[in-house]
>>> print(open('protein_24.csv').read())   # CSV, C-alpha atoms (C1' of nucleotides)
chain,number,residue,atom,x,y,z
V,1,MET,CA,-15.4,-25.9,25.2
V,2,GLU,CA,-12.0,-25.0,23.7
V,3,ARG,CA,-10.0,-27.5,21.8
V,4,GLU,CA,-6.5,-28.3,22.8
V,5,LEU,CA,-4.0,-26.1,21.0
V,6,PRO,CA,-0.5,-27.3,20.0
V,7,THR,CA,2.2,-26.3,22.5
V,8,SER,CA,4.0,-24.3,19.8
V,9,LEU,CA,0.9,-22.3,19.1
V,10,LEU,CA,0.4,-21.5,22.8
V,11,MET,CA,4.0,-20.2,22.7
V,12,PHE,CA,3.3,-18.2,19.6
V,13,ILE,CA,0.3,-16.5,21.2
V,14,ALA,CA,2.2,-15.5,24.3
V,15,SER,CA,5.3,-14.4,22.5
V,16,ARG,CA,3.4,-12.4,20.1
V,17,ALA,CA,1.5,-10.6,22.8
V,18,ALA,CA,4.8,-9.7,24.4
V,19,ALA,CA,6.3,-8.5,21.1
V,20,ASP,CA,3.2,-6.4,20.4
V,21,ARG,CA,3.3,-4.7,23.8
V,22,ILE,CA,7.0,-3.8,23.5
V,23,PHE,CA,6.4,-2.6,20.0
V,24,ARG,CA,3.5,-0.4,21.2
V,25,THR,CA,5.6,0.9,24.1
V,26,LEU,CA,8.2,2.2,21.6
V,27,GLN,CA,5.6,3.7,19.4
V,28,ASP,CA,4.1,5.5,22.3
V,29,ALA,CA,7.5,6.8,23.3
V,30,GLY,CA,7.8,8.5,19.9
V,31,PHE,CA,9.9,5.8,18.1
V,32,THR,CA,7.3,5.4,15.4
V,33,ASP,CA,9.6,4.5,12.6
V,34,VAL,CA,10.9,1.1,13.9
V,35,THR,CA,9.2,-2.0,12.7
V,36,ILE,CA,9.1,-5.4,14.4
V,37,ALA,CA,11.4,-7.0,11.8
V,38,GLN,CA,13.8,-4.2,12.4
V,39,SER,CA,13.7,-4.6,16.2
V,40,ARG,CA,14.2,-8.3,15.7
V,41,LEU,CA,17.4,-7.8,13.7
V,42,ALA,CA,18.6,-5.1,16.1
V,43,MET,CA,18.2,-7.5,19.0
V,44,GLY,CA,21.1,-9.4,17.5
V,45,LEU,CA,23.5,-6.5,17.8
V,46,ASP,CA,26.6,-6.9,20.1
V,47,PRO,CA,27.9,-3.9,22.0
V,48,GLY,CA,30.9,-3.5,19.8
V,49,GLY,CA,29.1,-4.0,16.5
V,50,THR,CA,28.2,-7.1,14.6
V,51,ARG,CA,28.7,-8.3,11.0
V,52,LEU,CA,25.7,-8.3,8.8
V,53,SER,CA,25.9,-11.9,8.0
V,54,VAL,CA,25.9,-12.7,11.8
V,55,LEU,CA,22.8,-10.5,12.2
V,56,ALA,CA,21.2,-12.4,9.3
V,57,ASP,CA,22.0,-15.7,10.9
V,58,ARG,CA,20.7,-14.7,14.3
V,59,ALA,CA,17.4,-13.3,12.9
V,60,GLN,CA,17.2,-16.3,10.5
V,61,ILE,CA,16.8,-14.2,7.4
V,62,ALA,CA,18.7,-14.0,4.2
V,63,LYS,CA,21.6,-11.7,3.8
V,64,GLN,CA,19.8,-9.6,1.3
V,65,THR,CA,16.9,-9.1,3.7
V,66,ALA,CA,19.4,-8.1,6.4
V,67,THR,CA,20.9,-5.6,4.1
V,68,ALA,CA,17.6,-4.1,3.3
V,69,ILE,CA,16.7,-3.8,7.0
V,70,VAL,CA,20.0,-2.4,8.0
V,71,ASP,CA,19.6,0.2,5.2
V,72,LYS,CA,16.4,1.4,6.7
V,73,LEU,CA,17.7,1.4,10.3
V,74,GLU,CA,20.7,3.4,9.0
V,75,ARG,CA,18.6,5.9,7.2
V,76,ALA,CA,16.5,6.3,10.3
V,77,GLY,CA,19.7,6.9,12.3
V,78,TYR,CA,19.6,3.9,14.5
V,79,VAL,CA,22.7,2.1,13.3
V,80,GLU,CA,25.8,2.9,11.4
V,81,ARG,CA,28.1,0.8,9.3
V,82,VAL,CA,31.8,0.9,10.0
V,83,PRO,CA,34.7,-1.0,8.4
V,84,ASP,CA,35.7,-4.2,10.2
V,85,PRO,CA,39.4,-3.7,11.0
V,86,THR,CA,40.0,-7.4,11.0
V,87,ASP,CA,38.6,-8.1,7.5
V,88,GLY,CA,38.5,-5.8,4.5
V,89,ARG,CA,35.4,-7.5,3.1
V,90,ALA,CA,33.3,-7.0,6.2
V,91,ARG,CA,31.6,-4.1,7.9
V,92,LEU,CA,30.3,-3.9,11.4
V,93,VAL,CA,26.8,-2.7,12.1
V,94,ARG,CA,26.8,-0.6,15.3
V,95,MET,CA,24.1,1.0,17.3
V,96,THR,CA,24.0,4.8,17.5
V,97,ALA,CA,23.1,6.8,20.6
V,98,ARG,CA,19.6,7.1,19.2
V,99,ALA,CA,19.2,3.3,19.3
V,100,GLU,CA,20.7,3.0,22.7
V,101,ALA,CA,18.0,5.3,24.0
V,102,ILE,CA,15.4,2.6,23.1
V,103,ILE,CA,17.0,-0.3,24.9
V,104,PRO,CA,16.1,0.7,28.5
V,105,LEU,CA,12.5,1.4,27.3
V,106,ALA,CA,12.2,-2.1,25.7
V,107,ARG,CA,13.9,-3.8,28.7
V,108,ALA,CA,11.5,-2.1,31.1
V,109,GLU,CA,8.4,-3.2,29.3
V,110,GLU,CA,9.9,-6.7,28.9
V,111,ALA,CA,10.4,-6.7,32.7
V,112,ARG,CA,6.8,-5.5,33.3
V,113,ILE,CA,5.5,-8.3,31.1
V,114,GLU,CA,7.6,-10.9,33.0
V,115,ALA,CA,6.4,-9.6,36.2
V,116,GLU,CA,2.7,-9.8,35.1
V,117,TRP,CA,3.2,-13.3,33.9
V,118,GLU,CA,4.8,-14.3,37.2
V,119,ALA,CA,2.0,-12.7,39.1
V,120,HIS,CA,-0.5,-14.7,37.0
V,121,LEU,CA,1.3,-18.0,37.3
V,122,GLY,CA,3.0,-17.7,40.6
V,123,PRO,CA,6.7,-17.9,41.1
V,124,LYS,CA,6.9,-21.7,41.0
V,125,ARG,CA,5.1,-22.2,37.7
V,126,MET,CA,7.0,-19.3,36.2
V,127,ALA,CA,10.3,-20.9,37.1
V,128,GLN,CA,9.1,-24.2,35.7
V,129,LEU,CA,8.1,-22.5,32.5
V,130,ARG,CA,11.5,-20.8,32.1
V,131,ASP,CA,13.2,-24.0,32.9
V,132,ALA,CA,11.4,-26.0,30.3
V,133,LEU,CA,11.7,-23.3,27.6
V,134,THR,CA,15.4,-22.9,28.3
V,135,SER,CA,15.9,-26.7,28.0
V,136,LEU,CA,13.8,-26.8,24.8
V,137,ARG,CA,16.2,-24.3,23.3
V,138,GLU,CA,18.8,-27.0,23.1
V,139,ILE,CA,16.8,-28.7,20.4
V,140,THR,CA,15.0,-25.7,18.7
V,141,ASP,CA,17.5,-22.9,18.5
V,142,PRO,CA,19.6,-23.3,15.3
V,143,TYR,CA,22.1,-20.8,16.7
V,144,ARG,CA,23.5,-22.3,20.0
M,1,MET,CA,28.4,-17.9,28.9
M,2,GLU,CA,25.0,-17.2,27.6
M,3,ARG,CA,22.9,-14.3,28.9
M,4,GLU,CA,19.4,-14.9,30.2
M,5,LEU,CA,16.9,-14.5,27.4
M,6,PRO,CA,13.4,-13.1,28.0
M,7,THR,CA,10.8,-15.7,28.5
M,8,SER,CA,8.9,-14.4,25.5
M,9,LEU,CA,11.9,-14.7,23.3
M,10,LEU,CA,12.5,-18.3,24.4
M,11,MET,CA,8.9,-19.0,23.3
M,12,PHE,CA,9.5,-17.3,20.0
M,13,ILE,CA,12.5,-19.5,19.3
M,14,ALA,CA,10.7,-22.7,20.0
M,15,SER,CA,7.4,-21.7,18.2
M,16,ARG,CA,9.3,-20.6,15.2
M,17,ALA,CA,11.3,-23.8,15.0
M,18,ALA,CA,8.0,-25.7,15.0
M,19,ALA,CA,6.4,-23.5,12.4
M,20,ASP,CA,9.4,-23.8,10.2
M,21,ARG,CA,9.3,-27.6,10.4
M,22,ILE,CA,5.7,-27.8,9.6
M,23,PHE,CA,6.2,-25.4,6.7
M,24,ARG,CA,9.0,-27.5,5.3
M,25,THR,CA,7.0,-30.7,5.7
M,26,LEU,CA,4.3,-29.2,3.5
M,27,GLN,CA,6.8,-28.0,1.0
M,28,ASP,CA,8.4,-31.5,0.8
M,29,ALA,CA,4.9,-33.0,0.3
M,30,GLY,CA,4.5,-30.8,-2.8
M,31,PHE,CA,2.5,-28.0,-1.4
M,32,THR,CA,5.0,-25.4,-2.4
M,33,ASP,CA,2.7,-22.5,-2.9
M,34,VAL,CA,1.5,-22.0,0.6
M,35,THR,CA,3.2,-19.5,2.8
M,36,ILE,CA,3.4,-19.2,6.6
M,37,ALA,CA,1.1,-16.2,6.7
M,38,GLN,CA,-1.4,-18.2,4.6
M,39,SER,CA,-1.2,-21.2,6.9
M,40,ARG,CA,-1.6,-19.0,9.9
M,41,LEU,CA,-4.8,-17.6,8.5
M,42,ALA,CA,-6.1,-21.0,7.4
M,43,MET,CA,-5.6,-22.3,10.9
M,44,GLY,CA,-8.5,-20.1,11.9
M,45,LEU,CA,-10.9,-21.8,9.6
M,46,ASP,CA,-13.9,-23.6,11.1
M,47,PRO,CA,-15.2,-26.8,9.5
M,48,GLY,CA,-18.4,-25.1,8.2
M,49,GLY,CA,-16.6,-22.0,6.9
M,50,THR,CA,-15.7,-18.8,8.6
M,51,ARG,CA,-16.2,-15.1,7.9
M,52,LEU,CA,-13.3,-13.2,6.7
M,53,SER,CA,-13.4,-10.7,9.6
M,54,VAL,CA,-13.3,-13.5,12.1
M,55,LEU,CA,-10.3,-15.0,10.3
M,56,ALA,CA,-8.6,-11.5,10.4
M,57,ASP,CA,-9.3,-11.3,14.2
M,58,ARG,CA,-8.0,-14.7,14.9
M,59,ALA,CA,-4.8,-14.2,12.9
M,60,GLN,CA,-4.6,-10.6,14.3
M,61,ILE,CA,-4.3,-8.9,11.0
M,62,ALA,CA,-6.3,-6.2,9.3
M,63,LYS,CA,-9.3,-7.1,7.1
M,64,GLN,CA,-7.5,-5.9,4.0
M,65,THR,CA,-4.6,-8.3,4.7
M,66,ALA,CA,-7.0,-11.1,5.2
M,67,THR,CA,-8.7,-10.3,1.9
M,68,ALA,CA,-5.4,-10.4,0.1
M,69,ILE,CA,-4.4,-13.7,1.7
M,70,VAL,CA,-7.7,-15.3,1.0
M,71,ASP,CA,-7.4,-14.1,-2.6
M,72,LYS,CA,-4.2,-16.0,-2.9
M,73,LEU,CA,-5.5,-19.1,-1.2
M,74,GLU,CA,-8.5,-19.0,-3.4
M,75,ARG,CA,-6.5,-18.7,-6.6
M,76,ALA,CA,-4.4,-21.6,-5.5
M,77,GLY,CA,-7.5,-23.7,-4.9
M,78,TYR,CA,-7.3,-24.1,-1.1
M,79,VAL,CA,-10.4,-22.2,-0.1
M,80,GLU,CA,-13.6,-20.9,-1.7
M,81,ARG,CA,-15.9,-18.0,-0.8
M,82,VAL,CA,-19.6,-18.8,-0.5
M,83,PRO,CA,-22.4,-16.5,0.5
M,84,ASP,CA,-23.4,-16.4,4.2
M,85,PRO,CA,-27.0,-17.5,4.2
M,86,THR,CA,-27.6,-15.6,7.4
M,87,ASP,CA,-26.2,-12.2,6.3
M,88,GLY,CA,-26.2,-10.8,2.8
M,89,ARG,CA,-23.1,-8.7,3.4
M,90,ALA,CA,-21.0,-11.6,4.6
M,91,ARG,CA,-19.3,-14.5,2.8
M,92,LEU,CA,-18.0,-17.7,4.3
M,93,VAL,CA,-14.5,-18.8,3.6
M,94,ARG,CA,-14.4,-22.6,3.3
M,95,MET,CA,-11.7,-25.1,2.8
M,96,THR,CA,-11.6,-27.2,-0.3
M,97,ALA,CA,-10.7,-30.8,-0.6
M,98,ARG,CA,-7.2,-29.7,-1.6
M,99,ALA,CA,-6.7,-27.9,1.6
M,100,GLU,CA,-8.1,-30.7,3.7
M,101,ALA,CA,-5.5,-33.0,2.3
M,102,ILE,CA,-2.9,-30.8,4.0
M,103,ILE,CA,-4.4,-31.0,7.5
M,104,PRO,CA,-3.3,-34.5,8.4
M,105,LEU,CA,0.2,-33.8,7.2
M,106,ALA,CA,0.5,-30.7,9.3
M,107,ARG,CA,-1.1,-32.4,12.3
M,108,ALA,CA,1.3,-35.4,12.0
M,109,GLU,CA,4.3,-33.2,11.9
M,110,GLU,CA,3.0,-31.2,14.8
M,111,ALA,CA,2.5,-34.4,16.8
M,112,ARG,CA,6.1,-35.5,16.0
M,113,ILE,CA,7.4,-32.2,17.3
M,114,GLU,CA,5.4,-32.5,20.5
M,115,ALA,CA,6.7,-36.0,20.9
M,116,GLU,CA,10.3,-34.9,20.5
M,117,TRP,CA,9.8,-32.1,22.9
M,118,GLU,CA,8.3,-34.5,25.4
M,119,ALA,CA,11.2,-36.9,24.9
M,120,HIS,CA,13.6,-34.1,25.6
M,121,LEU,CA,11.9,-32.6,28.6
M,122,GLY,CA,10.3,-35.7,30.1
M,123,PRO,CA,6.6,-36.1,30.6
M,124,LYS,CA,6.4,-34.1,33.8
M,125,ARG,CA,8.1,-31.0,32.6
M,126,MET,CA,6.2,-31.2,29.4
M,127,ALA,CA,3.0,-31.2,31.3
M,128,GLN,CA,4.1,-28.3,33.4
M,129,LEU,CA,5.0,-26.4,30.3
M,130,ARG,CA,1.6,-26.9,28.7
M,131,ASP,CA,-0.1,-26.0,31.9
M,132,ALA,CA,1.8,-22.8,32.3
M,133,LEU,CA,1.3,-21.8,28.7
M,134,THR,CA,-2.4,-22.6,28.8
M,135,SER,CA,-2.8,-20.5,31.9
M,136,LEU,CA,-0.8,-17.6,30.3
M,137,ARG,CA,-3.2,-17.6,27.5
M,138,GLU,CA,-5.8,-16.1,29.8
M,139,ILE,CA,-3.9,-12.9,29.9
M,140,THR,CA,-2.2,-12.9,26.5
M,141,ASP,CA,-4.7,-14.2,24.0
M,142,PRO,CA,-6.8,-11.2,22.7
M,143,TYR,CA,-9.4,-13.7,21.4
M,144,ARG,CA,-10.6,-15.8,24.2
U,1,DT,C1',50.2,-16.9,-6.9
U,2,DA,C1',45.9,-19.0,-8.7
U,3,DG,C1',41.5,-20.8,-7.4
U,4,DG,C1',38.0,-21.2,-4.3
U,5,DA,C1',35.5,-19.4,-0.3
U,6,DT,C1',33.4,-15.5,2.1
U,7,DA,C1',31.2,-10.6,3.1
U,8,DG,C1',28.3,-7.6,1.4
U,9,DT,C1',25.6,-5.5,-2.2
U,10,DC,C1',22.4,-4.8,-6.2
U,11,DC,C1',18.5,-6.1,-9.1
U,12,DC,C1',14.1,-7.9,-9.2
U,13,DA,C1',9.9,-10.4,-8.2
U,14,DT,C1',6.5,-11.6,-4.8
U,15,DG,C1',4.2,-11.6,-0.4
U,16,DA,C1',2.4,-9.2,3.8
U,17,DT,C1',0.7,-5.3,5.8
U,18,DC,C1',-2.5,-1.6,6.7
U,19,DG,C1',-4.7,3.4,6.2
U,20,DA,C1',-8.3,5.3,3.7
U,21,DA,C1',-12.2,5.3,1.1
U,22,DC,C1',-15.8,2.8,-1.1
U,23,DT,C1',-20.2,-0.5,-2.0
U,24,DA,C1',-23.7,-3.4,-0.4
U,25,DC,C1',-26.3,-4.9,3.0
U,26,DT,C1',-28.4,-4.9,8.0
U,27,DA,C1',-30.3,-3.1,12.0
U,28,DT,C1',-32.4,0.4,14.7
U,29,DA,C1',-34.6,4.8,16.2
U,30,DG,C1',-38.3,7.5,15.6
P,1,DC,C1',-41.8,2.3,7.4
P,2,DT,C1',-38.2,5.2,6.3
P,3,DA,C1',-33.8,7.6,7.5
P,4,DT,C1',-29.5,6.7,9.3
P,5,DA,C1',-26.0,4.6,11.7
P,6,DG,C1',-23.3,0.5,11.7
P,7,DT,C1',-21.1,-3.7,9.7
P,8,DA,C1',-18.9,-7.1,6.0
P,9,DG,C1',-16.1,-7.1,2.5
P,10,DT,C1',-13.4,-5.0,-1.2
P,11,DT,C1',-10.3,-1.9,-3.8
P,12,DC,C1',-6.5,1.4,-4.1
P,13,DG,C1',-2.1,2.7,-3.0
P,14,DA,C1',2.0,2.8,-0.3
P,15,DT,C1',5.6,0.6,2.3
P,16,DC,C1',8.1,-3.1,4.4
P,17,DA,C1',9.9,-8.0,4.3
P,18,DT,C1',11.7,-11.7,1.9
P,19,DG,C1',14.8,-14.4,-0.8
P,20,DG,C1',16.8,-16.2,-5.6
P,21,DG,C1',20.4,-15.0,-8.6
P,22,DA,C1',24.3,-12.6,-9.8
P,23,DC,C1',28.0,-9.5,-8.9
P,24,DT,C1',32.5,-7.1,-6.7
P,25,DA,C1',36.0,-7.0,-3.4
P,26,DT,C1',38.6,-9.3,-0.3
P,27,DC,C1',40.5,-13.2,2.1
P,28,DC,C1',42.5,-17.8,2.6
P,29,DT,C1',44.9,-21.8,1.3
P,30,DA,C1',47.2,-25.2,-1.5
>>> encode(input="protein_24.csv", output="structure tokens")
Amino acid sequence: MERELPTSLLMFIASRAAADRIFRTLQDAGFTDVTIAQSRLAMGLDPGGTRLSVLADRAQIAKQTATAIVDKLERAGYVERVPDPTDGRARLVRMTARAEAIIPLARAEEARIEAEWEAHLGPKRMAQLRDALTSLREITDPYR
Amino acid sequence: MERELPTSLLMFIASRAAADRIFRTLQDAGFTDVTIAQSRLAMGLDPGGTRLSVLADRAQIAKQTATAIVDKLERAGYVERVPDPTDGRARLVRMTARAEAIIPLARAEEARIEAEWEAHLGPKRMAQLRDALTSLREITDPYR
DNA sequence: TAGGATAGTCCCATGATCGAACTACTATAG
DNA sequence: CTATAGTAGTTCGATCATGGGACTATCCTA
């Protein structure tokens, strides 16, 4: 018999499985130079570009770490840094075309995963799951 | 307005919040030398001791990584390596008393988190959440 | 306009991660 | 009962991730 696992660990197992699948999808599509931490930071990018400190906040990492990751993404041609016209100290991190080519791939795999989960749980339990998780976000998400 | 986040990301947010809290609890209790990766591996320990390769499988990391983490845990006095009587090649990684002192702390914080989540969601939605997550594990957990 | 706050970077130390190659031991085919 | 194939764990070496501390340039506010 299996012991009862904490709810948070159950979430970790599932979310990790999803992240791994998306990661492997990108690898298989030839984007072999992106890492999970890099994708995680890139997920925080807004269409018009985002400040590094905002990216760091969203990914919950230190500014120095964000700098290092953006460096690598920039060297690999996925993002570029442009001056922020509204603040001379700041720069905006923006996706390049190369990065934008990845988005649909990741979204498609994400959609496949959601579909598989819904097929496994049934539409009702899937809706309950999303509802509970969305509500939990109010007390667990440090950023909104 | 907030865009719809993928289910797996919602799980990531919540599970990360929980992991961070448990981690901080241990830090505050004076166990400042344990890292999250180390705790994650240690969570795979069985009472009687566990082989390194099993720990690696459970934490989903490579054997070499597990070796490195066990090295650090051993140096810090949290685990010890003893020969496996049933197989001359293998060794069992076992918790020391020092590590066992941590367990109740972590479990208590985990229980507090679960209680807060249940208070926020209500008992019914919490049960539905656990039910869905447990079921999902069947298709997302590579180890059972 | 001076002083404090903020954005980003650099240096540096440590941890995490894994491919490849290795040693010691086990298990199995003949 | 040996040869040999497989397994458990380790070591080496490289790269990424991470954050503390300190720094520069710029902004904001009293």
>>> closest_atom_pairs(input="protein_24.csv", of="chain U", to="chain V", cutoff="10 Å", atoms="all atoms listed in the file", output="tab-separated table")
residue	atom	partner	partner_atom	distance
U:DT6	C1'	V:Arg89	CA	8.3
U:DA7	C1'	V:Ala90	CA	5.2
U:DG8	C1'	V:Ala90	CA	7.0
U:DT9	C1'	V:Thr67	CA	7.9
U:DC10	C1'	V:Gln64	CA	9.3
>>> closest_atom_pairs(input="protein_24.csv", of="chain M", to="chain V", cutoff="8 Å", atoms="all atoms listed in the file", output="CSV")
residue,atom,partner,partner_atom,distance
M:Pro6,CA,V:Glu110,CA,7.3
M:Thr7,CA,V:Arg130,CA,6.3
M:Ser8,CA,V:Ser15,CA,4.7
M:Leu9,CA,V:Ser15,CA,6.7
M:Leu10,CA,V:Leu133,CA,6.0
M:Met11,CA,V:Met11,CA,5.1
M:Phe12,CA,V:Ser15,CA,5.7
M:Ile13,CA,V:Asp141,CA,6.1
M:Ala14,CA,V:Thr140,CA,5.4
M:Ser15,CA,V:Ser8,CA,4.6
M:Arg16,CA,V:Phe12,CA,7.8
M:Ala17,CA,V:Thr140,CA,5.6
M:Ala18,CA,V:Ser8,CA,6.4
M:Ala19,CA,V:Ser8,CA,7.8
M:Glu110,CA,V:Pro6,CA,7.4
M:Glu114,CA,V:Thr7,CA,7.3
M:Trp117,CA,V:Leu136,CA,6.9
M:His120,CA,V:Leu136,CA,7.3
M:Leu121,CA,V:Ala132,CA,6.8
M:Arg125,CA,V:Ala132,CA,6.4
M:Met126,CA,V:Ala132,CA,7.4
M:Gln128,CA,V:Gln128,CA,6.9
M:Leu129,CA,V:Leu129,CA,5.4
M:Arg130,CA,V:Thr7,CA,6.3
M:Ala132,CA,V:Leu129,CA,6.3
M:Leu133,CA,V:Leu10,CA,6.0
M:Thr134,CA,V:Leu10,CA,6.7
M:Ser135,CA,V:Leu121,CA,7.2
M:Leu136,CA,V:Trp117,CA,6.9
M:Arg137,CA,V:Ala14,CA,6.6
M:Thr140,CA,V:Ala14,CA,5.6
M:Asp141,CA,V:Ile13,CA,6.2
>>> atom_distance(input="protein_24.csv", atom1="CA of Ile22 in chain M", atom2="CA of Glu109 in chain M")
6.0 Å
>>> residues_around(input="protein_24.csv", residues="Arg81 in chain V", least_positions_apart="4", cutoff="9 Å", atoms="all atoms listed in the file", output="PyMOL selection string")
chain V and resi 49+70+74+91-95
>>> residues_around(input="protein_24.csv", residues="DA21 in chain U", least_positions_apart="3", cutoff="12 Å", atoms="all atoms listed in the file", output="MDAnalysis selection string")
chainID P and resid 10:13
>>> closest_residue(input="protein_24.csv", among="V:Asp20, V:Asp46, V:Ile69, V:Gln27", to="chain P", atoms="only C-alpha atoms (C1' of nucleotides)")
V:Ile69
>>> atom_distance(input="protein_24.csv", atom1="CA of Leu105 in chain M", atom2="CA of Gly48 in chain M")
20.6 Å
>>> atom_distance(input="protein_24.csv", atom1="CA of Asp57 in chain M", atom2="C1' of DA8 in chain P")
13.3 Å
>>> closest_residue(input="protein_24.csv", among="P:DT7, P:DT15, P:DG21, P:DA30", to="chain M", atoms="all atoms listed in the file")
P:DT7
>>> closest_atom_pairs(input="protein_24.csv", of="chain P", to="chain V", cutoff="7 Å", atoms="all atoms listed in the file", output="JSON lines")
{"residue": "P:DT18", "atom": "C1'", "partner": "V:Thr65", "partner_atom": "CA", "distance": 6.1}
{"residue": "P:DG19", "atom": "C1'", "partner": "V:Ala62", "partner_atom": "CA", "distance": 6.4}
{"residue": "P:DA25", "atom": "C1'", "partner": "V:Arg89", "partner_atom": "CA", "distance": 6.5}
{"residue": "P:DT26", "atom": "C1'", "partner": "V:Arg89", "partner_atom": "CA", "distance": 5.0}
>>> write_last_selection(input="protein_24.csv", atoms="C-alpha atoms (C1' of nucleotides)", output="PDB file, keeping the file's coordinate frame")
ATOM      1  C1'  DT P  18      11.700 -11.700   1.900  1.00  0.00           C
ATOM      2  C1'  DG P  19      14.800 -14.400  -0.800  1.00  0.00           C
ATOM      3  C1'  DA P  25      36.000  -7.000  -3.400  1.00  0.00           C
ATOM      4  C1'  DT P  26      38.600  -9.300  -0.300  1.00  0.00           C
TER       5       DT P  26
END
